[in-house]
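Trainee: Below you will find the structure I want to go over with you.
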Amino acid sequence: ESLRDPTGLIRQKGENVISKEDGKMGASYIDCLEDEDHVGLATHMISYGWGNRILDINSALRAYCQKMKLEEKRTYIWICCLCNNQYRVKEKMDSGENVSVEEFSKIFQEKVVGINHILALMVPWDTPIYNTRVWCIFEFYTALVNNCKLDIIFPETEKIKLVEAIKSSDGSNKLLSTLASTRIQDAEASQEEDKKV
């Protein structure tokens, strides 16, 4: 959801809940959940682009859990839109202040290294949103230089398309071209300052 909208589904969940982080009204979505079937210490962090559909995120996470034989209810995923307190970010935006690139990079670096297992979502496989977003590339890079476990994940439909493409006559060229097309200097960010990361 866009923080520019006055309300949002994710923020509504924590609207009347006191934040566990700072004791102020307005909590992150994750602070509203209870019971080990719904919340626990993060075992993985999903790194994804804000343009990705929730359907693709869900499908990719389910496929990953099935492939790795992980119990879904005990696989705890850290996802920024649910775990970062969007109220504090919105408060800063409303007052004309941005969360600095230094502050966000510190938060995300601590999360990547602390969780130590990143799931990078590539959708669509041949032109992934992931490769066009500054923060995605930053998280991927941070995972690599800190020797974190890093898995690339796809929704089931994209996995099928990827396998079909690889089997085609120019499939390996298409795959290499997709991987080689990542250019950090062309990556996008919702805040111009974020490109300094």
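By order of appearance in the structure tokens: chains A, B, ..., then residues from 1 within every chain, and ligands from 1 in the order shown.
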With a cut-off of 12 Å, could you pull out the residues of range 133-193 of chain A touching range 72-83 of chain A and give me the nearest pair of atoms for each, distance in Å to one decimal, using only C-alpha atoms, ordered by chain and ascending number, as JSON lines?
Mentor:
{"residue": "A:Trp135", "atom": "CA", "partner": "A:Cys80", "partner_atom": "CA", "distance": 11.1}
{"residue": "A:Cys136", "atom": "CA", "partner": "A:Cys80", "partner_atom": "CA", "distance": 11.5}
{"residue": "A:Glu139", "atom": "CA", "partner": "A:Cys80", "partner_atom": "CA", "distance": 11.7}
Trainee: Would you mind listing what lies within 8 Å of range 58-67 of chain A as a PyMOL selection string, with only C-alpha atoms counted and same-chain residues fewer than 6 positions away left out?
Mentor: chain A and resi 75+121+153-156
Trainee: Take the residues that were just selected and, keeping N, CA and C atoms, output them as an mmCIF file, in the first residue's frame.
Mentor:
data_model
loop_
_atom_site.group_PDB
_atom_site.id
_atom_site.type_symbol
_atom_site.label_atom_id
_atom_site.label_comp_id
_atom_site.auth_asym_id
_atom_site.auth_seq_id
_atom_site.Cartn_x
_atom_site.Cartn_y
_atom_site.Cartn_z
ATOM 1 N N THR A 75 7.703 -21.352 9.714
ATOM 2 C CA THR A 75 8.648 -20.627 8.879
ATOM 3 C C THR A 75 8.228 -19.165 8.947
ATOM 4 N N LEU A 121 12.870 -12.577 -4.446
ATOM 5 C CA LEU A 121 11.741 -12.900 -5.324
ATOM 6 C C LEU A 121 11.968 -12.324 -6.714
ATOM 7 N N ILE A 153 13.758 -17.122 -5.351
ATOM 8 C CA ILE A 153 12.482 -17.838 -5.376
ATOM 9 C C ILE A 153 11.573 -17.274 -6.470
ATOM 10 N N PHE A 154 10.680 -18.141 -6.938
ATOM 11 C CA PHE A 154 9.728 -17.788 -7.983
ATOM 12 C C PHE A 154 8.356 -18.332 -7.601
ATOM 13 N N PRO A 155 7.289 -17.680 -8.042
ATOM 14 C CA PRO A 155 5.978 -18.323 -7.946
ATOM 15 C C PRO A 155 5.978 -19.528 -8.893
ATOM 16 N N GLU A 156 5.113 -20.459 -8.646
ATOM 17 C CA GLU A 156 5.062 -21.686 -9.448
ATOM 18 C C GLU A 156 4.894 -21.387 -10.941
#
Trainee: Measure the distance from CA of Asn85 in chain A to CA of Ala27 in chain A in Å and round it to one decimal.
Mentor: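 Value for the CA of Asn85 in chain A-CA of Ala27 in chain A distance: 6.0 Å.
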Trainee: Could you tell me how far CA of Tyr141 in chain A sits from CA of Ala120 in chain A, in Å to one decimal place?
Mentor: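 Between CA of Ala120 in chain A and CA of Tyr141 in chain A the gap is 11.1 Å.
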Trainee: Residues of chain A in strand (DSSP E) according to DSSP, as a list in words?
Mentor: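 Residues meeting the strand (DSSP E) criterion: His44, Met45, Ile46, Ser47, Ile77, Trp78, His117, Ile118, Leu119, Ala120, Leu121, Lys149, Leu150, Asp151, Ile152 and Ile153 of chain A.
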Trainee: Range 47-133 of chain A: which residues are alpha helix (DSSP H) by DSSP, as an MDAnalysis selection string?
Mentor: chainID A and resid 54:68 80:83 86:94 101:115
Trainee: Skipping near chain neighbours, those fewer than 5 positions away, what residues fall within 7 Å of Leu150 in chain A using only C-alpha atoms, listed as number ranges by chain?
Mentor: A: 117-119, 143
Trainee: For range 10-20 of chain A, please output as a count of residues only all residues within 9 Å (counting only C-alpha atoms; exclusion window: fewer than 5 positions along the same chain).
Mentor: 14
Trainee: Set the distance at 6 Å and use only C-alpha atoms: which residues neighbour range 179-182 of chain A once local chain neighbours fewer than 2 positions away are removed? I'd like the list as a list in words.
Mentor: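 My list of contacting residues is Asn131, Leu176 and Ser177 of chain A.
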Trainee: For a test of reading the model, state the distance in Å between CA of Asn52 in chain A and CA of Trp125 in chain A, rounded to one decimal.
Mentor: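 Straight-line distance from CA of Asn52 in chain A to CA of Trp125 in chain A works out to 12.1 Å.
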Trainee: Could you give me, as a list in words, the residues within 9 Å of Lys111 in chain A, counting only C-alpha atoms and dropping anything in the same chain fewer than 4 positions from it?
Mentor: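 The contact residues come out as Met45, Trp78, Lys106, Ile107, Ile115 and Asn116 of chain A.
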Trainee: Taking only C-alpha atoms into account, which of A:Arg53, A:Arg88, A:Lys159, A:Lys69 comes nearest Lys24 in chain A?
Mentor: A:Arg88
